[in-house]
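Note: the block below is run-v3.tsv and it holds TSV, C-alpha atoms and all ligand atoms.
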```
chain	number	residue	atom	x	y	z
A	1	MET	CA	-41.30	160.72	33.23
A	2	SER	CA	-41.11	157.00	33.90
A	3	SER	CA	-39.45	155.32	36.85
A	4	ALA	CA	-36.51	154.59	34.51
A	5	THR	CA	-35.78	158.32	34.61
A	6	ARG	CA	-32.17	159.30	35.22
A	7	ILE	CA	-32.06	162.04	37.86
A	8	VAL	CA	-28.89	163.98	38.59
A	9	ILE	CA	-29.01	165.62	42.03
A	10	CYS	CA	-26.46	168.38	42.68
A	11	GLY	CA	-25.60	168.52	46.41
A	12	GLY	CA	-25.38	165.88	49.13
A	13	GLY	CA	-27.02	167.76	52.00
A	14	ALA	CA	-30.25	166.71	53.71
A	15	ILE	CA	-32.36	167.96	50.79
A	16	GLY	CA	-30.29	166.16	48.14
A	17	ALA	CA	-30.10	162.97	50.22
A	18	ALA	CA	-33.85	162.93	50.92
A	19	THR	CA	-34.64	163.53	47.24
A	20	ALA	CA	-32.22	160.73	46.31
A	21	TYR	CA	-33.85	158.39	48.83
A	22	PHE	CA	-37.46	158.93	47.73
A	23	ALA	CA	-36.62	158.94	44.01
A	24	SER	CA	-34.46	155.80	44.14
A	25	ARG	CA	-37.13	154.06	46.23
A	26	ARG	CA	-39.50	154.65	43.29
A	27	GLY	CA	-36.99	153.02	40.93
A	28	ALA	CA	-35.40	156.10	39.35
A	29	HIS	CA	-31.72	155.96	38.36
A	30	VAL	CA	-30.27	158.55	40.70
A	31	THR	CA	-26.80	160.08	40.70
A	32	VAL	CA	-25.89	162.48	43.54
A	33	ILE	CA	-22.94	164.76	42.88
A	34	GLU	CA	-21.38	166.30	45.98
A	35	ARG	CA	-18.48	168.73	45.86
A	36	HIS	CA	-17.15	168.34	49.42
A	37	ALA	CA	-18.70	165.63	51.65
A	38	VAL	CA	-22.20	164.27	52.21
A	39	ALA	CA	-23.50	166.26	55.21
A	40	GLY	CA	-20.29	168.30	55.08
A	41	ALA	CA	-22.18	171.62	55.31
A	42	ALA	CA	-25.21	172.71	57.39
A	43	SER	CA	-26.88	169.31	57.07
A	44	GLY	CA	-24.14	167.78	59.24
A	45	LYS	CA	-23.71	170.67	61.66
A	46	SER	CA	-27.22	171.93	62.39
A	47	GLY	CA	-29.33	171.40	65.47
A	48	GLY	CA	-31.54	168.67	64.02
A	49	PHE	CA	-34.52	170.00	65.97
A	50	LEU	CA	-37.97	169.06	64.59
A	51	ALA	CA	-41.38	170.51	65.41
A	52	LEU	CA	-44.81	169.43	64.26
A	53	ASP	CA	-46.68	172.73	64.45
A	54	TRP	CA	-44.22	175.58	64.87
A	55	CYS	CA	-44.83	176.71	61.28
A	56	ARG	CA	-48.61	177.04	61.79
A	57	GLY	CA	-50.02	180.13	60.18
A	58	SER	CA	-47.25	180.17	57.56
A	59	ALA	CA	-46.97	178.68	54.08
A	60	LEU	CA	-44.64	176.04	55.54
A	61	ASP	CA	-47.23	174.44	57.80
A	62	GLU	CA	-48.33	171.59	55.53
A	63	LEU	CA	-44.75	170.75	54.52
A	64	ALA	CA	-43.64	170.75	58.17
A	65	ARG	CA	-46.49	168.54	59.37
A	66	ARG	CA	-45.91	166.02	56.58
A	67	SER	CA	-42.17	166.06	57.30
A	68	PHE	CA	-42.62	165.58	61.05
A	69	ARG	CA	-44.67	162.46	60.32
A	70	LEU	CA	-42.17	161.21	57.73
A	71	HIS	CA	-39.28	161.62	60.21
A	72	ALA	CA	-40.98	159.15	62.57
A	73	GLU	CA	-41.71	156.75	59.70
A	74	LEU	CA	-38.19	156.94	58.25
A	75	SER	CA	-36.49	156.31	61.58
A	76	ALA	CA	-38.71	153.24	62.11
A	77	GLU	CA	-38.28	151.94	58.53
A	78	LEU	CA	-34.53	152.46	58.29
A	79	GLY	CA	-33.51	151.28	61.76
A	80	ASP	CA	-32.92	154.76	63.19
A	81	PRO	CA	-29.14	155.06	62.77
A	82	TRP	CA	-29.50	158.81	63.52
A	83	GLY	CA	-30.83	158.79	67.11
A	84	TYR	CA	-34.35	160.05	66.46
A	85	ARG	CA	-35.84	161.02	69.81
A	86	ARG	CA	-38.97	162.77	70.99
A	87	LEU	CA	-38.44	165.38	73.70
A	88	THR	CA	-40.02	168.13	75.76
A	89	THR	CA	-39.06	171.67	74.83
A	90	TYR	CA	-38.89	174.68	77.14
A	91	ALA	CA	-38.28	178.41	76.91
A	92	GLY	CA	-36.39	180.39	79.52
A	93	TYR	CA	-33.90	183.11	80.21
A	94	ALA	CA	-30.57	183.50	81.94
A	95	VAL	CA	-29.58	186.54	83.97
A	96	LYS	CA	-26.01	187.74	84.45
A	97	ASP	CA	-25.63	186.58	88.06
A	98	ASP	CA	-27.30	183.97	90.25
A	99	ALA	CA	-30.41	186.10	90.81
A	100	GLY	CA	-32.64	184.06	88.48
A	101	ARG	CA	-35.43	181.96	89.89
A	102	GLY	CA	-33.45	178.88	89.06
A	103	ALA	CA	-34.79	175.71	87.49
A	104	PRO	CA	-35.87	173.44	90.33
A	105	GLY	CA	-35.18	169.76	89.67
A	106	ARG	CA	-32.64	170.55	86.96
A	107	PRO	CA	-29.21	170.31	88.58
A	108	TRP	CA	-27.60	170.47	85.14
A	109	LEU	CA	-28.80	174.08	84.76
A	110	ALA	CA	-27.21	176.99	86.62
A	111	GLN	CA	-29.26	178.95	89.18
A	112	ARG	CA	-29.21	181.95	86.87
A	113	VAL	CA	-31.44	180.12	84.37
A	114	ALA	CA	-35.20	180.37	84.79
A	115	ILE	CA	-37.61	178.22	82.78
A	116	THR	CA	-40.66	180.25	81.79
A	117	SER	CA	-42.85	178.04	79.58
A	118	ARG	CA	-43.20	174.72	77.82
A	119	LEU	CA	-43.00	175.11	74.05
A	120	GLY	CA	-43.48	171.51	72.99
A	121	THR	CA	-44.16	168.00	74.22
A	122	PRO	CA	-42.86	164.63	72.97
A	123	ASP	CA	-45.92	164.61	70.69
A	124	THR	CA	-44.84	167.81	68.97
A	125	THR	CA	-41.05	168.13	69.21
A	126	ALA	CA	-38.21	165.75	68.32
A	127	LEU	CA	-34.52	165.63	67.46
A	128	VAL	CA	-32.18	163.87	65.06
A	129	GLU	CA	-28.39	163.85	64.84
A	130	PRO	CA	-28.21	165.66	61.48
A	131	ARG	CA	-25.00	164.18	60.05
A	132	ALA	CA	-26.17	160.63	60.79
A	133	PHE	CA	-29.62	161.47	59.38
A	134	THR	CA	-28.22	162.83	56.12
A	135	THR	CA	-25.59	160.11	55.61
A	136	GLY	CA	-28.16	157.49	56.67
A	137	LEU	CA	-30.62	158.65	54.00
A	138	MET	CA	-27.83	158.69	51.42
A	139	ARG	CA	-26.83	155.12	52.32
A	140	ALA	CA	-30.47	154.06	52.10
A	141	ALA	CA	-30.66	155.70	48.64
A	142	GLU	CA	-27.51	153.82	47.60
A	143	ALA	CA	-29.14	150.59	48.77
A	144	HIS	CA	-31.87	151.38	46.22
A	145	GLY	CA	-29.27	151.85	43.50
A	146	ALA	CA	-28.38	155.55	43.79
A	147	VAL	CA	-24.79	156.43	42.89
A	148	LEU	CA	-22.76	159.01	44.82
A	149	ARG	CA	-20.04	160.95	43.01
A	150	HIS	CA	-17.61	163.46	44.49
A	151	ALA	CA	-16.94	166.43	42.18
A	152	PRO	CA	-17.92	170.08	41.78
A	153	VAL	CA	-20.82	170.63	39.38
A	154	ILE	CA	-19.92	173.64	37.21
A	155	ASP	CA	-22.84	173.85	34.77
A	156	VAL	CA	-26.15	172.38	33.61
A	157	VAL	CA	-26.00	170.83	30.13
A	158	ARG	CA	-28.89	171.60	27.74
A	159	ASP	CA	-30.00	169.92	24.53
A	160	GLY	CA	-30.93	171.71	21.28
A	161	SER	CA	-34.41	172.56	22.62
A	162	GLY	CA	-32.95	174.09	25.78
A	163	ALA	CA	-34.02	171.22	28.06
A	164	ALA	CA	-31.68	170.21	30.92
A	165	ARG	CA	-29.98	166.95	30.01
A	166	GLY	CA	-27.28	166.57	32.64
A	167	VAL	CA	-24.46	168.45	34.35
A	168	ALA	CA	-20.85	169.28	33.65
A	169	LEU	CA	-18.24	168.46	36.28
A	170	ALA	CA	-15.10	170.46	36.97
A	171	GLU	CA	-12.90	167.76	35.39
A	172	GLY	CA	-14.75	168.18	32.10
A	173	GLU	CA	-16.94	165.09	32.36
A	174	ILE	CA	-20.65	165.29	31.52
A	175	VAL	CA	-23.11	163.32	33.66
A	176	GLU	CA	-26.23	162.80	31.59
A	177	GLY	CA	-29.74	162.76	33.01
A	178	ASP	CA	-33.38	163.28	32.09
A	179	ALA	CA	-33.79	165.61	35.05
A	180	VAL	CA	-31.40	167.77	37.10
A	181	VAL	CA	-32.19	168.85	40.67
A	182	ILE	CA	-30.25	171.75	42.17
A	183	ALA	CA	-29.94	171.11	45.94
A	184	MET	CA	-26.69	172.89	46.77
A	185	GLY	CA	-27.91	174.81	49.81
A	186	PRO	CA	-26.45	178.36	49.80
A	187	TRP	CA	-24.22	177.32	46.87
A	188	SER	CA	-27.40	177.09	44.77
A	189	LEU	CA	-26.62	180.74	44.06
A	190	LEU	CA	-24.01	179.42	41.62
A	191	ALA	CA	-26.78	177.69	39.67
A	192	ALA	CA	-28.40	181.07	38.98
A	193	ARG	CA	-25.64	181.45	36.37
A	194	TRP	CA	-26.70	178.19	34.73
A	195	LEU	CA	-30.51	178.48	35.01
A	196	PRO	CA	-33.07	181.27	35.51
A	197	LEU	CA	-33.10	181.07	39.32
A	198	PRO	CA	-33.52	183.67	42.05
A	199	ALA	CA	-30.83	184.45	44.62
A	200	VAL	CA	-30.09	182.20	47.59
A	201	PHE	CA	-28.11	183.72	50.47
A	202	GLY	CA	-26.16	182.16	53.35
A	203	HIS	CA	-26.64	183.01	57.05
A	204	LYS	CA	-23.80	181.73	59.19
A	205	GLY	CA	-24.40	180.04	62.55
A	206	HIS	CA	-21.90	178.80	65.16
A	207	SER	CA	-22.35	175.77	67.37
A	208	LEU	CA	-20.56	173.56	69.91
A	209	VAL	CA	-21.09	169.86	70.57
A	210	PHE	CA	-20.39	168.69	74.13
A	211	GLU	CA	-19.83	165.13	75.39
A	212	THR	CA	-22.42	165.25	78.16
A	213	GLY	CA	-23.19	161.54	78.48
A	214	GLY	CA	-26.38	161.07	80.53
A	215	SER	CA	-26.08	164.30	82.53
A	216	ILE	CA	-28.74	166.22	80.53
A	217	PRO	CA	-32.22	164.71	80.09
A	218	ALA	CA	-34.32	164.78	76.89
A	219	GLU	CA	-35.29	168.44	77.23
A	220	ALA	CA	-34.59	171.01	74.52
A	221	LEU	CA	-34.14	174.62	75.60
A	222	PHE	CA	-34.63	177.93	73.82
A	223	LEU	CA	-33.12	180.67	76.02
A	224	GLU	CA	-32.50	184.39	76.14
A	225	TYR	CA	-29.10	185.30	77.52
A	226	ARG	CA	-27.69	188.76	78.16
A	227	GLU	CA	-23.91	189.03	77.77
A	228	ALA	CA	-21.84	191.34	79.99
A	229	SER	CA	-21.73	193.75	77.01
A	230	GLY	CA	-25.55	193.98	77.13
A	231	GLU	CA	-26.01	192.06	73.87
A	232	ILE	CA	-28.87	189.55	73.95
A	233	LEU	CA	-28.15	186.10	72.53
A	234	THR	CA	-30.74	183.38	71.98
A	235	PRO	CA	-28.97	180.07	72.57
A	236	GLU	CA	-30.63	176.76	71.69
A	237	LEU	CA	-29.60	173.61	73.54
A	238	PHE	CA	-30.42	170.14	72.24
A	239	PRO	CA	-29.41	166.96	74.17
A	240	ARG	CA	-29.03	164.12	71.69
A	241	ALA	CA	-29.65	160.41	72.00
A	242	ASP	CA	-25.93	159.71	71.40
A	243	GLY	CA	-24.88	161.38	74.67
A	244	THR	CA	-23.83	164.68	73.11
A	245	THR	CA	-25.43	168.08	73.57
A	246	TRP	CA	-25.48	170.66	70.74
A	247	VAL	CA	-25.63	174.36	71.55
A	248	CYS	CA	-25.80	177.27	69.11
A	249	ALA	CA	-25.97	181.05	69.19
A	250	ILE	CA	-24.27	183.88	67.29
A	251	SER	CA	-25.45	184.23	63.70
A	252	THR	CA	-23.70	186.49	61.21
A	253	LEU	CA	-23.96	187.47	57.55
A	254	GLY	CA	-20.46	186.67	56.34
A	255	PRO	CA	-19.72	185.84	52.69
A	256	VAL	CA	-20.19	182.19	51.67
A	257	PRO	CA	-16.86	180.79	50.38
A	258	LEU	CA	-16.96	179.14	46.95
A	259	ASP	CA	-15.69	175.83	48.35
A	260	PRO	CA	-17.87	174.38	51.15
A	261	ALA	CA	-14.67	172.96	52.69
A	262	ASP	CA	-13.51	176.53	53.40
A	263	VAL	CA	-16.37	177.53	55.75
A	264	ALA	CA	-14.73	178.88	58.92
A	265	PRO	CA	-16.01	180.39	62.18
A	266	ASP	CA	-15.90	184.13	62.86
A	267	ALA	CA	-13.00	185.15	65.10
A	268	GLY	CA	-13.97	184.83	68.76
A	269	ALA	CA	-17.44	183.35	68.13
A	270	HIS	CA	-16.72	179.95	69.65
A	271	ALA	CA	-15.03	181.48	72.72
A	272	ARG	CA	-18.15	183.61	73.34
A	273	LEU	CA	-20.40	180.61	72.91
A	274	GLU	CA	-18.23	178.49	75.19
A	275	ALA	CA	-18.36	181.15	77.93
A	276	LEU	CA	-22.15	181.28	77.60
A	277	CYS	CA	-22.46	177.51	77.88
A	278	ARG	CA	-20.26	177.31	80.98
A	279	ASN	CA	-22.37	180.10	82.53
A	280	ILE	CA	-25.74	178.46	81.99
A	281	SER	CA	-24.91	174.85	82.83
A	282	PRO	CA	-22.53	173.11	85.23
A	283	ALA	CA	-22.98	169.96	83.11
A	284	LEU	CA	-21.71	171.81	80.03
A	285	ALA	CA	-18.96	173.45	82.08
A	286	ALA	CA	-17.68	169.97	83.03
A	287	ALA	CA	-18.09	168.38	79.61
A	288	PRO	CA	-15.37	168.03	76.96
A	289	ILE	CA	-16.11	169.77	73.66
A	290	LYS	CA	-16.37	167.30	70.79
A	291	ALA	CA	-16.81	169.78	67.91
A	292	ARG	CA	-16.63	173.52	67.22
A	293	GLN	CA	-18.71	174.21	64.11
A	294	ALA	CA	-19.80	176.92	61.69
A	295	CYS	CA	-22.19	176.51	58.77
A	296	PHE	CA	-24.48	178.47	56.46
A	297	ARG	CA	-28.21	177.99	56.20
A	298	PRO	CA	-29.71	178.75	52.78
A	299	VAL	CA	-32.14	181.67	52.71
A	300	THR	CA	-34.25	183.26	49.94
A	301	ALA	CA	-35.46	186.85	49.57
A	302	ASP	CA	-38.93	186.05	50.98
A	303	GLY	CA	-37.83	183.46	53.55
A	304	LEU	CA	-39.59	180.53	51.86
A	305	PRO	CA	-37.79	177.67	50.12
A	306	LEU	CA	-37.57	177.18	46.36
A	307	ILE	CA	-39.08	173.77	45.59
A	308	GLY	CA	-40.17	172.89	42.10
A	309	ALA	CA	-39.53	173.11	38.38
A	310	VAL	CA	-37.29	175.86	37.03
A	311	PRO	CA	-39.57	178.05	34.85
A	312	GLY	CA	-39.09	177.56	31.13
A	313	ILE	CA	-36.39	174.87	31.36
A	314	GLU	CA	-37.73	171.38	30.85
A	315	GLY	CA	-36.02	168.82	33.09
A	316	ALA	CA	-34.58	171.39	35.55
A	317	TYR	CA	-35.67	171.50	39.20
A	318	VAL	CA	-34.55	173.20	42.39
A	319	ALA	CA	-34.96	172.38	46.09
A	320	THR	CA	-33.21	174.78	48.44
A	321	GLY	CA	-33.61	177.83	50.68
A	322	HIS	CA	-35.05	175.98	53.69
A	323	SER	CA	-33.43	178.35	56.17
A	324	VAL	CA	-33.86	177.25	59.82
A	325	TRP	CA	-36.13	174.30	58.96
A	326	GLY	CA	-34.10	172.32	56.43
A	327	MET	CA	-33.62	169.26	58.64
A	328	LEU	CA	-37.29	169.21	59.57
A	329	ASN	CA	-38.51	169.73	56.02
A	330	ALA	CA	-36.05	167.49	54.17
A	331	PRO	CA	-38.30	164.37	54.09
A	332	ALA	CA	-41.43	166.02	52.64
A	333	THR	CA	-39.27	168.05	50.25
A	334	GLY	CA	-37.53	164.89	49.01
A	335	GLU	CA	-40.83	163.07	48.71
A	336	ALA	CA	-42.45	165.96	46.83
A	337	MET	CA	-39.48	166.41	44.49
A	338	SER	CA	-39.49	162.72	43.60
A	339	GLU	CA	-43.22	162.90	42.88
A	340	MET	CA	-42.82	166.05	40.82
A	341	VAL	CA	-40.01	164.67	38.68
A	342	LEU	CA	-41.40	161.15	38.27
A	343	ALA	CA	-45.17	161.70	38.33
A	344	GLY	CA	-45.46	165.30	37.14
A	345	ALA	CA	-46.75	166.83	40.39
A	346	ALA	CA	-46.35	166.60	44.16
A	347	GLN	CA	-49.09	164.44	45.59
A	348	ARG	CA	-49.11	165.07	49.35
A	349	VAL	CA	-48.19	168.72	49.77
A	350	ASP	CA	-49.04	171.82	47.78
A	351	LEU	CA	-45.78	173.20	46.41
A	352	ALA	CA	-47.39	176.35	44.93
A	353	PRO	CA	-46.08	178.68	47.71
A	354	PHE	CA	-42.55	177.48	46.97
A	355	ALA	CA	-42.65	177.85	43.15
A	356	PRO	CA	-39.19	179.09	42.07
A	357	GLY	CA	-40.81	181.47	39.54
A	358	ARG	CA	-42.39	183.61	42.27
A	359	LEU	CA	-39.09	185.47	42.72
A	360	PRO	CA	-37.22	187.26	39.92
A	361	PRO	CA	-34.27	185.35	38.47
A	362	LEU	CA	-30.81	186.85	38.73
A	363	ASP	CA	-29.18	188.08	35.55
A	364	ASP	CA	-25.51	188.41	34.66
A	365	ALA	CA	-25.38	191.97	35.97
A	366	ASP	CA	-26.16	190.66	39.47
A	367	PHE	CA	-22.91	188.66	39.65
A	401	LIG	C1	-26.49	176.72	63.04
A	401	LIG	C2	-27.66	176.08	62.33
A	401	LIG	C3	-28.60	175.36	63.03
A	401	LIG	C4	-29.69	174.77	62.37
A	401	LIG	N1	-30.59	174.04	63.11
A	401	LIG	C5	-31.64	173.46	62.47
A	401	LIG	C6	-32.59	172.70	63.22
A	401	LIG	O1	-32.46	172.54	64.43
A	401	LIG	N2	-33.66	172.15	62.55
A	401	LIG	C7	-33.83	172.33	61.20
A	401	LIG	O2	-34.82	171.83	60.66
A	401	LIG	N3	-32.92	173.02	60.46
A	401	LIG	C8	-31.84	173.59	61.07
A	401	LIG	N4	-30.95	174.33	60.36
A	401	LIG	C9	-31.16	174.51	58.92
A	401	LIG	C10	-30.64	173.31	58.11
A	401	LIG	O3	-29.39	172.89	58.59
A	401	LIG	C11	-30.53	173.68	56.63
A	401	LIG	O4	-31.73	174.27	56.17
A	401	LIG	C12	-30.26	172.43	55.80
A	401	LIG	O5	-29.13	171.75	56.30
A	401	LIG	C13	-30.04	172.79	54.34
A	401	LIG	O6	-29.79	171.59	53.66
A	401	LIG	P1	-29.37	171.60	52.13
A	401	LIG	O7	-29.25	170.18	51.70
A	401	LIG	O8	-30.28	172.51	51.38
A	401	LIG	O9	-27.96	172.37	52.11
A	401	LIG	P2	-26.49	171.96	52.61
A	401	LIG	O10	-26.52	171.16	53.85
A	401	LIG	O11	-25.71	173.23	52.60
A	401	LIG	O12	-25.99	171.01	51.45
A	401	LIG	C14	-25.61	171.50	50.19
A	401	LIG	C15	-24.54	170.60	49.64
A	401	LIG	O13	-24.20	171.03	48.31
A	401	LIG	C16	-22.81	170.82	48.14
A	401	LIG	N5	-22.32	171.65	47.05
A	401	LIG	C17	-22.03	172.97	47.06
A	401	LIG	N6	-21.59	173.37	45.87
A	401	LIG	C18	-21.59	172.28	45.05
A	401	LIG	C19	-21.23	172.05	43.68
A	401	LIG	N7	-20.80	173.04	42.90
A	401	LIG	N8	-21.38	170.79	43.18
A	401	LIG	C20	-21.83	169.77	43.97
A	401	LIG	N9	-22.16	169.94	45.27
A	401	LIG	C21	-22.05	171.18	45.81
A	401	LIG	C22	-22.20	171.22	49.49
A	401	LIG	O14	-20.93	170.67	49.66
A	401	LIG	C23	-23.24	170.65	50.46
A	401	LIG	O15	-22.91	169.35	50.90
A	401	LIG	C24	-29.84	174.92	60.97
A	401	LIG	C25	-28.87	175.63	60.25
A	401	LIG	C26	-27.79	176.21	60.90
A	401	LIG	C27	-26.77	176.96	60.10
```

Please go through the file and, once you have read it, give me the structure as structure tokens.
Amino acid sequence: MSSATRIVICGGGAIGAATAYFASRRGAHVTVIERHAVAGAASGKSGGFLALDWCRGSALDELARRSFRLHAELSAELGDPWGYRRLTTYAGYAVKDDAGRGAPGRPWLAQRVAITSRLGTPDTTALVEPRAFTTGLMRAAEAHGAVLRHAPVIDVVRDGSGAARGVALAEGEIVEGDAVVIAMGPWSLLAARWLPLPAVFGHKGHSLVFETGGSIPAEALFLEYREASGEILTPELFPRADGTTWVCAISTLGPVPLDPADVAPDAGAHARLEALCRNISPALAAAPIKARQACFRPVTADGLPLIGAVPGIEGAYVATGHSVWGMLNAPATGEAMSEMVLAGAAQRVDLAPFAPGRLPPLDDADF
């Protein structure tokens, strides 16, 4: 397809925004259609943690390494409105009382927290504020001519030969295109009714954002924490450049609501998380809570994303299922999708492990 190609991208999360950015930068006529809000789902509520080499040994390694590099380039090129920062990353554990070894030199951590190892350095780990990253990429795409529309996509429109030629919106309007990219996160499951696509599931995660100002340095933490009930939680704590600190734990497998605006936390999950935070850090205990969040990460049956052409349907593409690494892998995914649609193949990463046709498509009986 030529650079005059009209690309309709369904979904304004990090994957849709990155695809819009790279495709519009190459001159394509891009329309992004978002049902709820750009970054209104996981791409605005996630941790935003990035790692160069934590996917080594897996099929994701090349995509992750390319993405880590692109994150640094994008923040430099686009003026870093999303607080890109390199940081050191540690592992540790918290015991129930003050009997831990403590974390010397870290007054913001409670005595019950012991740091056990360094997982990453500023050369290998980094952080972005995910909502600002996603909206920033979308704005940059719009500066290259991309158009953002707010509406639910309800179908993919095909021509007489069966090729995808646009999408239908809930109000009845058709948005025409030469290519359609499904990037609706866990809601990509809906597109399995429109195209031969495998299942995408949603795993719910809960998080809190604290106003910590300068009280916590640029150190990310991955902890083990035993609750009074004996249950082990694995909180992650990411201090951001904007003076907030994001903490998550407590994942569940609740049903994904049809409307992304209806995602709600499980009863009691935020209270548990808040108690944990106040137990592991006097700085968190003293800090006001800015946001209480829940969101779904998109997951496939084999844990790898779906990135590529939909088998047998000319003009139809999918980019979803990035699970816990969607913020990290958004840039290389967007770059590869733009290359695939506009130049016929991805040029910098091998998308073969992510071919949508590797998993069986759903059929009507599955719904
Ligand atoms: C708690 C938690 C923490 C995480 N932490 C990290 C992390 O630290 N690092 C990392 O790399 N990744 C992290 N992730 C994973 C990452 O957030 C996701 O992989 C990523 O956000 C997925 O992006 P997406 O664009 O595919 O989907 P989404 O962000 O879900 O975006 C999909 C968009 O599609 C829209 N949509 C839905 N239906 C329709 C429709 N019918 N028509 C039009 N639009 C529609 C939705 O409104 C939504 O905006 C985390 C995830 C969770 C849940």

Which residues, written as a PDB file with C-alpha atoms, in the frame of the given file, have at least one atom at most 10 Å from Glu171 (chain A), with all atoms listed in the file counted and residues fewer than 5 positions away on the same chain left out?
```
ATOM      1  CA  ALA A 151     -16.940 166.430  42.180  1.00  0.00           C
ATOM      2  CA  PRO A 152     -17.920 170.080  41.780  1.00  0.00           C
ATOM      3  CA  VAL A 153     -20.820 170.630  39.380  1.00  0.00           C
ATOM      4  CA  ILE A 154     -19.920 173.640  37.210  1.00  0.00           C
TER       5      ILE A 154
END
```

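Going from CA of His203 (chain A) over to CA of Leu253 (chain A), you cover 5.2 Å.
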
Requested in this report: Step by step, measure atom-to-atom distances between ligand LIG 401 (chain A) and each residue using all atoms listed in the file, keep those at most 6 Å, then write them as a PyMOL selection string.
Outcome: chain A and resi 10-16+33-43+46-50+152-154+183-187+204-206+260+295-298+320+322-328

Could you work out an axis-aligned bounding box for all listed atoms of region 132-145 of chain A, with 4 Å added on each of the six sides, and give its centre and edge lengths in Å to one decimal, as JSON?
```
{"center_x": -28.7, "center_y": 156.7, "center_z": 52.1, "size_x": 14.3, "size_y": 20.2, "size_z": 25.3}
```

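Nearest residue to Leu276 (chain A), choosing from A:Leu306, A:Ala346, A:Ile232, A:Ala23 and counting only C-alpha atoms: A:Ile232.
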
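Computed from the coordinates, the CA of Gly321 (chain A) to CA of Leu359 (chain A) distance equals 12.3 Å.
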
Find the nearest atom pair between each residue of region 64-110 of chain A and region 123-136 of chain A for residues within 9 Å, count only C-alpha atoms, give distances in Å to one decimal, sort rows by chain and ascending number, and present the table as a tab-separated table.
```
residue	atom	partner	partner_atom	distance
A:Phe68	CA	A:Ala126	CA	8.5
A:His71	CA	A:Val128	CA	8.9
A:Ser75	CA	A:Phe133	CA	8.9
A:Leu78	CA	A:Gly136	CA	8.3
A:Asp80	CA	A:Phe133	CA	8.4
A:Pro81	CA	A:Ala132	CA	6.6
A:Trp82	CA	A:Ala132	CA	4.7
A:Gly83	CA	A:Val128	CA	5.6
A:Tyr84	CA	A:Val128	CA	4.6
A:Arg85	CA	A:Leu127	CA	5.3
A:Arg86	CA	A:Ala126	CA	4.1
A:Leu87	CA	A:Ala126	CA	5.4
A:Thr88	CA	A:Thr125	CA	6.6
A:Thr89	CA	A:Thr125	CA	6.9
```

Requested in this report: With a distance cut-off of 12 Å and all atoms listed in the file, select the neighbouring residues of Ser161 (chain A), excluding the residue or stretch itself and same-chain residues fewer than 3 positions from it, and output the selection as number ranges by chain.
Outcome: A: 157-158, 164-165, 312-315

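CA of Glu227 (chain A) to CA of Val263 (chain A) spans 26.0 Å [interatomic distance, one decimal].
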
Query - Spatial neighbours of Ala146 (chain A), 6 Å, all atoms listed in the file, chain gap at least 3 places, as a list in words - result: Val30, Thr31, Ala141 and Glu142 of chain A

Next, the residues of the selection above should be written as a PDB file, in the frame of the given file with C-alpha atoms.
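Dumped to part.pdb:
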```pdb
ATOM      1  CA  VAL A  30     -30.270 158.550  40.700  1.00  0.00           C
ATOM      2  CA  THR A  31     -26.800 160.080  40.700  1.00  0.00           C
ATOM      3  CA  ALA A 141     -30.660 155.700  48.640  1.00  0.00           C
ATOM      4  CA  GLU A 142     -27.510 153.820  47.600  1.00  0.00           C
TER       5      GLU A 142
END
```

Query raised in the report: Using all atoms listed in the file, which of the listed residues (A:Thr252, A:Asn279, A:Thr121, A:Ser67) sits closest to Arg226 (chain A)?
Result: A:Asn279

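Each of A:Arg65, A:Arg118, A:Arg106, A:Arg56 was checked against Arg348 (chain A) using only C-alpha atoms; the smallest atom-to-atom distance is that of A:Arg65.
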
Report task. Fewer than 2 positions away in the same chain doesn't count, so skip those; otherwise give me all residues within 7 Å of Tyr21 (chain A), counting all atoms listed in the file, as a ChimeraX atom specification. Result -> /A:17-19,23-25,137-138,140-141
